[in-house]
$ cat structure_26.cif   # mmCIF, C-alpha atoms, pLDDT in the B column; chains and numbers go by the auth columns
data_target
loop_
_atom_site.group_PDB
_atom_site.id
_atom_site.type_symbol
_atom_site.label_atom_id
_atom_site.label_comp_id
_atom_site.label_asym_id
_atom_site.label_seq_id
_atom_site.Cartn_x
_atom_site.Cartn_y
_atom_site.Cartn_z
_atom_site.B_iso_or_equiv
_atom_site.auth_seq_id
_atom_site.auth_asym_id
ATOM 1 C CA MET A 1 0.829 -0.720 42.158 87.00 175 T
ATOM 2 C CA LYS A 2 -2.115 1.066 40.794 92.00 176 T
ATOM 3 C CA VAL A 3 -1.808 4.048 38.488 93.00 177 T
ATOM 4 C CA THR A 4 -4.599 6.518 38.180 93.00 178 T
ATOM 5 C CA PHE A 5 -4.683 8.927 35.236 92.00 179 T
ATOM 6 C CA LYS A 6 -5.934 12.244 36.405 93.00 180 T
ATOM 7 C CA SER A 7 -5.870 13.826 32.980 93.00 181 T
ATOM 8 C CA TRP A 8 -4.208 13.308 29.655 90.00 182 T
ATOM 9 C CA ASN A 9 -3.569 15.315 26.502 90.00 183 T
ATOM 10 C CA ALA A 10 -3.532 13.604 23.149 86.00 184 T
ATOM 11 C CA VAL A 11 -0.936 15.005 20.788 89.00 185 T
ATOM 12 C CA ALA A 12 -0.929 14.393 17.066 87.00 186 T
ATOM 13 C CA PHE A 13 -0.150 16.248 13.903 85.00 187 T
ATOM 14 C CA TRP A 14 -1.829 16.180 10.595 86.00 188 T
ATOM 15 C CA ARG A 15 -0.920 17.035 7.048 85.00 189 T
ATOM 16 C CA TRP A 16 -2.692 17.162 3.727 88.00 190 T
ATOM 17 C CA ASP A 17 -2.961 13.816 2.004 88.00 191 T
ATOM 18 C CA MET A 18 -0.936 14.986 -0.967 87.00 192 T
ATOM 19 C CA PRO A 19 2.404 13.848 -2.408 84.00 193 T
ATOM 20 C CA ALA A 20 4.968 15.298 -0.019 78.00 194 T
ATOM 21 C CA ASP A 21 7.167 17.045 -2.570 83.00 195 T
ATOM 22 C CA ASP A 22 4.353 18.602 -4.588 89.00 196 T
ATOM 23 C CA VAL A 23 4.129 22.366 -4.892 93.00 197 T
ATOM 24 C CA CYS A 24 1.259 24.730 -5.586 95.00 198 T
ATOM 25 C CA GLY A 25 1.454 25.554 -9.291 94.00 199 T
ATOM 26 C CA ILE A 26 0.765 29.225 -8.619 96.00 200 T
ATOM 27 C CA CYS A 27 3.064 30.237 -5.740 94.00 201 T
ATOM 28 C CA ARG A 28 5.448 27.239 -6.084 93.00 202 T
ATOM 29 C CA ASN A 29 5.540 26.775 -2.328 94.00 203 T
ATOM 30 C CA PRO A 30 4.970 23.210 -1.105 92.00 204 T
ATOM 31 C CA TYR A 31 1.363 22.292 -0.339 91.00 205 T
ATOM 32 C CA GLU A 32 2.613 21.580 3.160 88.00 206 T
ATOM 33 C CA SER A 33 3.656 25.191 3.458 91.00 207 T
ATOM 34 C CA THR A 34 1.566 28.332 3.033 93.00 208 T
ATOM 35 C CA CYS A 35 0.792 30.599 0.118 94.00 209 T
ATOM 36 C CA SER A 36 3.185 33.503 -0.230 90.00 210 T
ATOM 37 C CA LYS A 37 1.066 35.771 1.994 91.00 211 T
ATOM 38 C CA CYS A 38 0.328 33.532 4.974 94.00 212 T
ATOM 39 C CA LYS A 39 2.362 32.660 8.003 93.00 213 T
ATOM 40 C CA TYR A 40 0.830 29.459 9.326 90.00 214 T
ATOM 41 C CA PRO A 41 0.085 26.376 7.244 87.00 215 T
ATOM 42 C CA GLY A 42 -2.930 24.160 7.770 84.00 216 T
ATOM 43 C CA ASP A 43 -6.401 25.477 8.506 85.00 217 T
ATOM 44 C CA ASP A 44 -5.328 29.102 8.054 88.00 218 T
ATOM 45 C CA CYS A 45 -4.112 28.497 4.525 92.00 219 T
ATOM 46 C CA PRO A 46 -5.996 25.470 3.184 92.00 220 T
ATOM 47 C CA LEU A 47 -5.736 23.709 -0.134 92.00 221 T
ATOM 48 C CA LEU A 48 -8.597 23.340 -2.557 92.00 222 T
ATOM 49 C CA VAL A 49 -9.034 20.519 -5.022 92.00 223 T
ATOM 50 C CA GLY A 50 -10.833 21.366 -8.231 92.00 224 T
ATOM 51 C CA ASP A 51 -13.283 19.085 -9.963 92.00 225 T
ATOM 52 C CA CYS A 52 -10.588 18.801 -12.616 92.00 226 T
ATOM 53 C CA ASN A 53 -8.362 17.373 -9.860 90.00 227 T
ATOM 54 C CA HIS A 54 -5.879 20.245 -9.882 93.00 228 T
ATOM 55 C CA SER A 55 -5.154 21.661 -6.457 92.00 229 T
ATOM 56 C CA PHE A 56 -3.807 24.980 -5.217 94.00 230 T
ATOM 57 C CA HIS A 57 -3.577 26.954 -2.019 94.00 231 T
ATOM 58 C CA MET A 58 -7.026 28.441 -1.583 94.00 232 T
ATOM 59 C CA HIS A 59 -5.622 31.981 -1.400 95.00 233 T
ATOM 60 C CA CYS A 60 -3.604 31.479 -4.595 96.00 234 T
ATOM 61 C CA ILE A 61 -6.464 30.126 -6.675 96.00 235 T
ATOM 62 C CA PHE A 62 -8.884 32.732 -5.337 95.00 236 T
ATOM 63 C CA SER A 63 -6.597 35.606 -6.279 95.00 237 T
ATOM 64 C CA TRP A 64 -6.367 34.126 -9.777 96.00 238 T
ATOM 65 C CA LEU A 65 -10.126 33.592 -10.112 95.00 239 T
ATOM 66 C CA ARG A 66 -10.755 37.185 -9.012 95.00 240 T
ATOM 67 C CA GLN A 67 -8.936 38.338 -12.159 93.00 241 T
ATOM 68 C CA GLU A 68 -11.310 38.965 -14.998 91.00 242 T
ATOM 69 C CA SER A 69 -8.774 37.462 -17.380 91.00 243 T
ATOM 70 C CA SER A 70 -8.958 34.098 -15.596 94.00 244 T
ATOM 71 C CA GLN A 71 -12.469 33.634 -16.972 93.00 245 T
ATOM 72 C CA GLU A 72 -12.882 31.448 -13.900 94.00 246 T
ATOM 73 C CA LYS A 73 -10.824 28.728 -15.509 95.00 247 T
ATOM 74 C CA CYS A 74 -8.268 26.396 -13.972 96.00 248 T
ATOM 75 C CA PRO A 75 -4.734 27.707 -14.646 96.00 249 T
ATOM 76 C CA MET A 76 -3.579 24.186 -15.465 94.00 250 T
ATOM 77 C CA CYS A 77 -6.225 22.807 -17.799 95.00 251 T
ATOM 78 C CA ARG A 78 -8.402 25.849 -18.535 93.00 252 T
ATOM 79 C CA GLN A 79 -11.553 23.986 -17.623 93.00 253 T
ATOM 80 C CA ARG A 80 -14.156 25.953 -15.723 94.00 254 T
ATOM 81 C CA MET A 81 -13.039 25.879 -12.109 92.00 255 T
ATOM 82 C CA SER A 82 -15.309 24.373 -9.506 92.00 256 T
ATOM 83 C CA PHE A 83 -14.349 22.744 -6.273 88.00 257 T
ATOM 84 C CA ASN A 84 -15.188 19.524 -4.571 77.00 258 T
ATOM 85 C CA GLY A 85 -13.659 20.591 -1.302 77.00 259 T
ATOM 86 C CA LEU A 86 -10.538 20.246 0.751 82.00 260 T
ATOM 87 C CA PRO A 87 -8.111 17.376 0.289 83.00 261 T
ATOM 88 C CA ARG A 88 -8.104 14.579 2.810 83.00 262 T
ATOM 89 C CA CYS A 89 -5.917 14.870 5.870 82.00 263 T
ATOM 90 C CA LEU A 90 -3.511 12.354 7.271 83.00 264 T
ATOM 91 C CA ILE A 91 -3.308 12.243 11.043 82.00 265 T
ATOM 92 C CA GLN A 92 -0.325 10.863 12.792 77.00 266 T
ATOM 93 C CA GLU A 93 0.107 10.388 16.513 73.00 267 T
ATOM 94 C CA VAL A 94 3.311 11.301 18.218 69.00 268 T
ATOM 95 C CA MET B 1 13.809 29.241 -11.867 55.00 282 W
ATOM 96 C CA HIS B 2 16.405 27.608 -9.717 55.00 283 W
ATOM 97 C CA GLU B 3 19.758 25.838 -9.968 54.00 284 W
ATOM 98 C CA HIS B 4 18.900 23.791 -13.017 66.00 285 W
ATOM 99 C CA THR B 5 17.808 25.949 -15.858 79.00 286 W
ATOM 100 C CA ALA B 6 16.733 24.621 -19.211 87.00 287 W
ATOM 101 C CA PRO B 7 19.448 24.365 -21.881 91.00 288 W
ATOM 102 C CA GLY B 8 20.256 27.618 -23.642 93.00 289 W
ATOM 103 C CA LEU B 9 19.124 29.771 -20.719 95.00 290 W
ATOM 104 C CA GLU B 10 21.318 31.709 -18.357 94.00 291 W
ATOM 105 C CA LEU B 11 20.137 33.766 -15.431 94.00 292 W
ATOM 106 C CA VAL B 12 22.121 36.997 -15.582 94.00 293 W
ATOM 107 C CA LYS B 13 20.538 39.095 -12.871 93.00 294 W
ATOM 108 C CA ALA B 14 17.929 38.154 -10.296 93.00 295 W
ATOM 109 C CA ASP B 15 18.726 40.297 -7.277 93.00 296 W
ATOM 110 C CA ASP B 16 15.154 41.084 -6.406 92.00 297 W
ATOM 111 C CA PHE B 17 11.601 40.305 -7.408 90.00 298 W
ATOM 112 C CA LYS B 18 11.287 43.408 -9.560 95.00 299 W
ATOM 113 C CA GLU B 19 13.510 42.851 -12.533 96.00 300 W
ATOM 114 C CA TRP B 20 15.410 39.859 -13.888 96.00 301 W
ATOM 115 C CA LEU B 21 17.695 39.479 -16.866 96.00 302 W
ATOM 116 C CA VAL B 22 17.960 36.153 -18.673 96.00 303 W
ATOM 117 C CA ASP B 23 20.146 35.347 -21.668 96.00 304 W
ATOM 118 C CA ILE B 24 18.684 32.932 -24.155 96.00 305 W
ATOM 119 C CA ARG B 25 20.123 31.094 -27.117 96.00 306 W
ATOM 120 C CA VAL B 26 18.352 29.092 -29.795 95.00 307 W
ATOM 121 C CA LEU B 27 19.867 25.646 -29.727 92.00 308 W
ATOM 122 C CA ASP B 28 18.529 24.206 -32.974 91.00 309 W
ATOM 123 C CA PRO B 29 20.513 24.925 -36.127 91.00 310 W
ATOM 124 C CA ASN B 30 18.191 27.690 -37.340 93.00 311 W
ATOM 125 C CA PRO B 31 20.450 29.926 -39.469 94.00 312 W
ATOM 126 C CA LEU B 32 18.610 33.080 -38.296 95.00 313 W
ATOM 127 C CA TYR B 33 19.819 32.685 -34.734 96.00 314 W
ATOM 128 C CA GLN B 34 23.192 30.945 -34.943 94.00 315 W
ATOM 129 C CA ASN B 35 25.939 32.174 -32.634 93.00 316 W
ATOM 130 C CA GLU B 36 23.766 34.869 -31.122 95.00 317 W
ATOM 131 C CA THR B 37 22.659 35.380 -27.534 97.00 318 W
ATOM 132 C CA TYR B 38 19.594 37.458 -26.734 97.00 319 W
ATOM 133 C CA ARG B 39 18.911 39.204 -23.465 98.00 320 W
ATOM 134 C CA LEU B 40 15.430 39.206 -21.981 97.00 321 W
ATOM 135 C CA LYS B 41 14.254 41.606 -19.316 97.00 322 W
ATOM 136 C CA PHE B 42 11.466 40.421 -17.024 97.00 323 W
ATOM 137 C CA THR B 43 9.652 43.040 -14.973 96.00 324 W
ATOM 138 C CA PHE B 44 7.382 41.688 -12.261 96.00 325 W
ATOM 139 C CA SER B 45 4.455 43.501 -10.708 94.00 326 W
ATOM 140 C CA GLN B 46 3.339 42.995 -7.124 93.00 327 W
ATOM 141 C CA GLN B 47 0.650 40.722 -8.474 92.00 328 W
ATOM 142 C CA TYR B 48 3.012 38.298 -10.214 94.00 329 W
ATOM 143 C CA PRO B 49 2.317 35.445 -10.943 94.00 330 W
ATOM 144 C CA ILE B 50 -1.377 36.296 -10.974 95.00 331 W
ATOM 145 C CA GLU B 51 -0.465 38.951 -13.545 94.00 332 W
ATOM 146 C CA ALA B 52 1.925 38.258 -16.399 95.00 333 W
ATOM 147 C CA PRO B 53 5.412 39.726 -16.155 96.00 334 W
ATOM 148 C CA GLU B 54 6.466 42.274 -18.743 96.00 335 W
ATOM 149 C CA VAL B 55 8.994 40.563 -21.000 97.00 336 W
ATOM 150 C CA VAL B 56 11.052 42.372 -23.634 97.00 337 W
ATOM 151 C CA PHE B 57 14.291 41.758 -25.488 97.00 338 W
ATOM 152 C CA VAL B 58 16.954 44.328 -24.643 97.00 339 W
ATOM 153 C CA ARG B 59 19.695 45.383 -27.008 96.00 340 W
ATOM 154 C CA ASP B 60 23.292 46.155 -26.170 95.00 341 W
ATOM 155 C CA ASP B 61 26.660 45.704 -27.864 95.00 342 W
ATOM 156 C CA THR B 62 26.652 41.943 -27.558 96.00 343 W
ATOM 157 C CA HIS B 63 22.915 41.210 -27.574 97.00 344 W
ATOM 158 C CA PRO B 64 20.911 41.997 -30.715 97.00 345 W
ATOM 159 C CA ILE B 65 17.121 41.856 -31.017 97.00 346 W
ATOM 160 C CA PRO B 66 16.224 38.576 -32.776 97.00 347 W
ATOM 161 C CA TRP B 67 14.495 38.652 -36.143 97.00 348 W
ATOM 162 C CA HIS B 68 10.900 37.493 -35.883 97.00 349 W
ATOM 163 C CA PRO B 69 7.604 38.654 -37.389 96.00 350 W
ATOM 164 C CA HIS B 70 6.277 39.059 -33.820 95.00 351 W
ATOM 165 C CA VAL B 71 9.279 40.834 -32.296 96.00 352 W
ATOM 166 C CA TYR B 72 9.499 44.585 -32.830 96.00 353 W
ATOM 167 C CA SER B 73 12.919 46.122 -33.349 95.00 354 W
ATOM 168 C CA ASN B 74 12.668 47.809 -29.936 95.00 355 W
ATOM 169 C CA GLY B 75 12.404 44.400 -28.299 96.00 356 W
ATOM 170 C CA ILE B 76 8.661 44.337 -27.631 95.00 357 W
ATOM 171 C CA ILE B 77 7.262 40.856 -28.097 95.00 358 W
ATOM 172 C CA CYS B 78 3.796 39.977 -29.299 92.00 359 W
ATOM 173 C CA LEU B 79 3.045 36.566 -27.812 92.00 360 W
ATOM 174 C CA ASP B 80 -0.333 35.469 -26.495 90.00 361 W
ATOM 175 C CA LEU B 81 0.946 33.904 -23.292 92.00 362 W
ATOM 176 C CA LEU B 82 2.448 37.245 -22.236 93.00 363 W
ATOM 177 C CA ASP B 83 -0.838 39.006 -22.838 90.00 364 W
ATOM 178 C CA ARG B 84 -3.569 39.351 -20.245 85.00 365 W
ATOM 179 C CA ALA B 85 -5.812 36.937 -22.094 84.00 366 W
ATOM 180 C CA GLY B 86 -3.218 34.231 -22.637 91.00 367 W
ATOM 181 C CA TRP B 87 -1.338 34.276 -19.354 94.00 368 W
ATOM 182 C CA THR B 88 -1.908 31.710 -16.629 95.00 369 W
ATOM 183 C CA PRO B 89 -0.163 31.830 -13.239 96.00 370 W
ATOM 184 C CA ILE B 90 1.411 28.419 -13.663 95.00 371 W
ATOM 185 C CA HIS B 91 3.871 29.949 -16.117 95.00 372 W
ATOM 186 C CA ASN B 92 7.195 31.041 -14.739 93.00 373 W
ATOM 187 C CA VAL B 93 10.392 32.637 -15.992 95.00 374 W
ATOM 188 C CA GLU B 94 11.734 29.367 -17.292 94.00 375 W
ATOM 189 C CA SER B 95 8.563 28.311 -19.109 94.00 376 W
ATOM 190 C CA VAL B 96 8.289 31.757 -20.729 96.00 377 W
ATOM 191 C CA CYS B 97 11.903 31.530 -21.915 96.00 378 W
ATOM 192 C CA VAL B 98 11.362 28.045 -23.303 95.00 379 W
ATOM 193 C CA SER B 99 8.249 29.266 -25.161 95.00 380 W
ATOM 194 C CA LEU B 100 10.278 32.123 -26.631 96.00 381 W
ATOM 195 C CA GLN B 101 13.050 29.740 -27.689 96.00 382 W
ATOM 196 C CA SER B 102 10.460 27.643 -29.431 95.00 383 W
ATOM 197 C CA MET B 103 8.826 30.694 -31.015 96.00 384 W
ATOM 198 C CA LEU B 104 12.195 31.708 -32.462 96.00 385 W
ATOM 199 C CA THR B 105 13.361 28.291 -33.517 95.00 386 W
ATOM 200 C CA SER B 106 10.254 27.585 -35.563 94.00 387 W
ATOM 201 C CA ASN B 107 10.561 30.866 -37.468 95.00 388 W
ATOM 202 C CA THR B 108 12.033 31.052 -40.965 94.00 389 W
ATOM 203 C CA LYS B 109 11.304 34.691 -41.806 94.00 390 W
ATOM 204 C CA LYS B 110 13.907 37.393 -41.363 95.00 391 W
ATOM 205 C CA GLU B 111 11.157 39.926 -40.792 94.00 392 W
ATOM 206 C CA ARG B 112 9.806 42.456 -38.356 96.00 393 W
ATOM 207 C CA PRO B 113 6.092 42.848 -37.617 94.00 394 W
ATOM 208 C CA GLU B 114 4.053 44.932 -40.023 93.00 395 W
ATOM 209 C CA GLY B 115 4.310 48.619 -39.135 92.00 396 W
ATOM 210 C CA ASP B 116 7.442 48.071 -37.059 93.00 397 W
ATOM 211 C CA GLU B 117 9.031 51.419 -37.931 92.00 398 W
ATOM 212 C CA HIS B 118 5.934 53.413 -37.024 92.00 399 W
ATOM 213 C CA PHE B 119 5.309 51.401 -33.863 90.00 400 W
ATOM 214 C CA VAL B 120 8.859 51.746 -32.605 89.00 401 W
ATOM 215 C CA LYS B 121 8.814 55.491 -33.284 90.00 402 W
ATOM 216 C CA TYR B 122 5.456 56.333 -31.743 89.00 403 W
ATOM 217 C CA ASN B 123 4.597 53.691 -29.199 86.00 404 W
ATOM 218 C CA LYS B 124 4.645 55.084 -25.672 82.00 405 W
ATOM 219 C CA GLN B 125 2.625 52.327 -24.038 81.00 406 W
ATOM 220 C CA ARG B 126 3.965 49.651 -21.767 80.00 407 W
ATOM 221 C CA PRO B 127 3.878 46.288 -23.536 80.00 408 W
ATOM 222 C CA LYS B 128 1.086 44.985 -21.316 74.00 409 W
ATOM 223 C CA ASP B 129 -1.166 47.908 -22.178 75.00 410 W
ATOM 224 C CA ILE B 130 -0.932 47.328 -25.901 79.00 411 W
ATOM 225 C CA ASN B 131 -3.893 45.525 -27.380 73.00 412 W
ATOM 226 C CA PHE B 132 -2.244 43.009 -29.631 75.00 413 W
ATOM 227 C CA VAL B 133 -4.477 41.120 -32.006 72.00 414 W
ATOM 228 C CA PHE B 134 -3.351 37.525 -32.199 71.00 415 W
ATOM 229 C CA HIS B 135 -4.214 36.813 -35.786 70.00 416 W
ATOM 230 C CA ASP B 136 -1.339 34.654 -36.849 68.00 417 W
ATOM 231 C CA ASN B 137 -1.329 30.993 -35.945 66.00 418 W
ATOM 232 C CA GLN B 138 1.492 30.133 -38.304 63.00 419 W
ATOM 233 C CA VAL B 139 4.513 31.256 -36.325 60.00 420 W
#
$ encode --input "structure_26.cif" --output "structure tokens"
Amino acid sequence: MKVTFKSWNAVAFWRWDMPADDVCGICRNPYESTCSKCKYPGDDCPLLVGDCNHSFHMHCIFSWLRQESSQEKCPMCRQRMSFNGLPRCLIQEV
Amino acid sequence: MHEHTAPGLELVKADDFKEWLVDIRVLDPNPLYQNETYRLKFTFSQQYPIEAPEVVFVRDDTHPIPWHPHVYSNGIICLDLLDRAGWTPIHNVESVCVSLQSMLTSNTKKERPEGDEHFVKYNKQRPKDINFVFHDNQV
């Protein structure tokens, strides 16, 4: 018997490459979840990793950095906050 | 602040995200605070935790205002981490309470802040609008 694939859809999910039980220090929601204002996790509510290695939901850290009193410092270590990008993702096939 | 609160803390009221009441006790044998329980009132703004909560001691028949050179007799607390400049959003109700426990336990003076009587009589500002000067690194 010969099987011919006419089309196929790959299905996989991904998550941030972060310890699973870790929470954002600002909103206290898991990194896997969203900030307190968003509905959908993932690309819509990404994480940011600071050069100091502290990470937060992007929306959480931005609302802090917009405050004058933050002096643009990391809430954890009070070093000047700059970012080296998003955390790595883990992709898993189903 | 969830099921397991730090020792000496008791969540009294937390029905909403506007106002919470927490009872705190000083656990070390500091004679100024023995056998007393103090009641803290947390008031949260929409911006919490980006903005600090307002935290004051409240007095009633069973809860006095603790003696401390940075605690006014009306319950207003002068502590840098509760001020705009000292707050960071990683603080929470529990960490604020623990800081206050530690502020009390390390104190040996049965005193009120300078100008307490005048301040308590005339102050109409909300605690967060008062410009405290944090001059004292001793207590």
$ interface_residues --input "structure_26.cif" --of "chain T" --to "chain W" --cutoff "9 Å" --atoms "all atoms listed in the file" --output "PyMOL selection string"
chain T and resi 198-202+234+237-238+241+243-244+248-250+252
$ atom_distance --input "structure_26.cif" --atom1 "atom CA of Leu385 of chain W" --atom2 "atom CA of Gln406 of chain W"
24.2 Å
$ resolve_selection --input "structure_26.cif" --expression "the PyMOL selection byres ((chain T and resi 265) around 10)" --output "number ranges by chain"
T: 186-191, 262-264, 266-268
$ residues_around --input "structure_26.cif" --residues "Cys226 of chain T" --least-positions-apart "6" --cutoff "9 Å" --atoms "only C-alpha atoms" --output "list in words"
Cys248, Cys251, Gln253, Arg254, Met255, Ser256 and Phe257 of chain T
$ atom_distance --input "structure_26.cif" --atom1 "atom CA of Leu221 of chain T" --atom2 "atom CA of Asn203 of chain T"
11.9 Å
$ atom_distance --input "structure_26.cif" --atom1 "atom CA of Pro215 of chain T" --atom2 "atom CA of Asp196 of chain T"
14.8 Å
$ residues_around --input "structure_26.cif" --residues "segment 291-305 of chain W" --least-positions-apart "2" --cutoff "8 Å" --atoms "all atoms listed in the file" --output "list in words"
Thr286, Gly289, Val307, Thr318, Tyr319, Arg320, Leu321, Lys322, Phe323, Thr324, Phe325, Ser326, Cys378 and Gln382 of chain W
$ residues_around --input "structure_26.cif" --residues "Arg393 of chain W" --least-positions-apart "2" --cutoff "7 Å" --atoms "all atoms listed in the file" --output "MDAnalysis selection string"
chainID W and resid 348:354 395 397
$ write_last_selection --input "structure_26.cif" --atoms "C-alpha atoms" --output "CSV table (one decimal), in the frame of the given file"
chain,number,residue,atom,x,y,z
W,348,TRP,CA,14.5,38.7,-36.1
W,349,HIS,CA,10.9,37.5,-35.9
W,350,PRO,CA,7.6,38.7,-37.4
W,351,HIS,CA,6.3,39.1,-33.8
W,352,VAL,CA,9.3,40.8,-32.3
W,353,TYR,CA,9.5,44.6,-32.8
W,354,SER,CA,12.9,46.1,-33.3
W,395,GLU,CA,4.1,44.9,-40.0
W,397,ASP,CA,7.4,48.1,-37.1
$ residues_around --input "structure_26.cif" --residues "Pro312 of chain W" --least-positions-apart "2" --cutoff "12 Å" --atoms "only C-alpha atoms" --output "count of residues only"
17
$ axis_aligned_box --input "structure_26.cif" --around "segment 211-219 of chain T" --padding-each-side "3 Å" --output "lines of an AutoDock Vina configuration file"
center_x = -2.0
center_y = 30.0
center_z = 5.7
size_x = 14.8
size_y = 17.6
size_z = 13.3
$ resolve_selection --input "structure_26.cif" --expression "the PyMOL selection byres ((chain W and resi 355) around 12)" --output "PyMOL selection string"
chain W and resi 337-341+345-348+351-354+356-359+393-394+397-405+408
$ residues_around --input "structure_26.cif" --residues "Ala194 of chain T" --least-positions-apart "6" --cutoff "9 Å" --atoms "all atoms listed in the file" --output "number ranges by chain"
T: 204-206
$ decode --input "structure_26.cif" --residues "segment 400-418 of chain W" --atoms "N, CA and C atoms" --output "compact mmCIF listing (two decimals), in the first residue's frame"
# COMPACT_ATOMS: atom_id res chain seq x y z
N PHE W 400 2.34 68.19 64.19
CA PHE W 400 2.05 67.45 62.95
C PHE W 400 0.68 66.78 63.02
N VAL W 401 0.42 66.12 64.14
CA VAL W 401 -0.82 65.37 64.28
C VAL W 401 -2.02 66.32 64.28
N LYS W 402 -1.81 67.54 64.82
CA LYS W 402 -2.89 68.51 64.91
C LYS W 402 -3.19 69.15 63.55
N TYR W 403 -2.12 69.43 62.80
CA TYR W 403 -2.32 70.27 61.61
C TYR W 403 -2.18 69.53 60.29
N ASN W 404 -1.62 68.34 60.30
CA ASN W 404 -1.40 67.69 59.01
C ASN W 404 -2.72 67.29 58.37
N LYS W 405 -2.92 67.71 57.13
CA LYS W 405 -4.13 67.32 56.39
C LYS W 405 -3.74 66.50 55.16
N GLN W 406 -2.46 66.32 54.95
CA GLN W 406 -2.02 65.63 53.74
C GLN W 406 -2.12 64.12 53.91
N ARG W 407 -2.30 63.45 52.78
CA ARG W 407 -2.18 62.00 52.77
C ARG W 407 -0.70 61.66 53.00
N PRO W 408 -0.45 60.53 53.66
CA PRO W 408 0.95 60.20 53.94
C PRO W 408 1.86 60.27 52.72
N LYS W 409 1.34 59.83 51.55
CA LYS W 409 2.25 59.77 50.40
C LYS W 409 2.58 61.15 49.84
N ASP W 410 1.79 62.16 50.23
CA ASP W 410 2.06 63.49 49.72
C ASP W 410 2.98 64.30 50.63
N ILE W 411 3.31 63.71 51.77
CA ILE W 411 4.19 64.41 52.70
C ILE W 411 5.63 64.22 52.23
N ASN W 412 6.38 65.31 52.24
CA ASN W 412 7.79 65.17 51.86
C ASN W 412 8.64 64.90 53.08
N PHE W 413 8.78 63.64 53.42
CA PHE W 413 9.64 63.30 54.55
C PHE W 413 11.08 63.48 54.13
N VAL W 414 11.90 63.90 55.09
CA VAL W 414 13.33 63.97 54.86
C VAL W 414 13.95 62.82 55.64
N PHE W 415 14.57 61.91 54.92
CA PHE W 415 15.13 60.74 55.60
C PHE W 415 16.55 61.06 56.05
N HIS W 416 16.62 61.57 57.26
CA HIS W 416 17.90 62.07 57.76
C HIS W 416 18.55 61.10 58.70
N ASP W 417 17.79 60.14 59.18
CA ASP W 417 18.22 59.37 60.34
C ASP W 417 18.54 57.94 59.90
N ASN W 418 19.80 57.59 59.93
CA ASN W 418 20.14 56.23 59.52
C ASN W 418 20.33 55.31 60.71
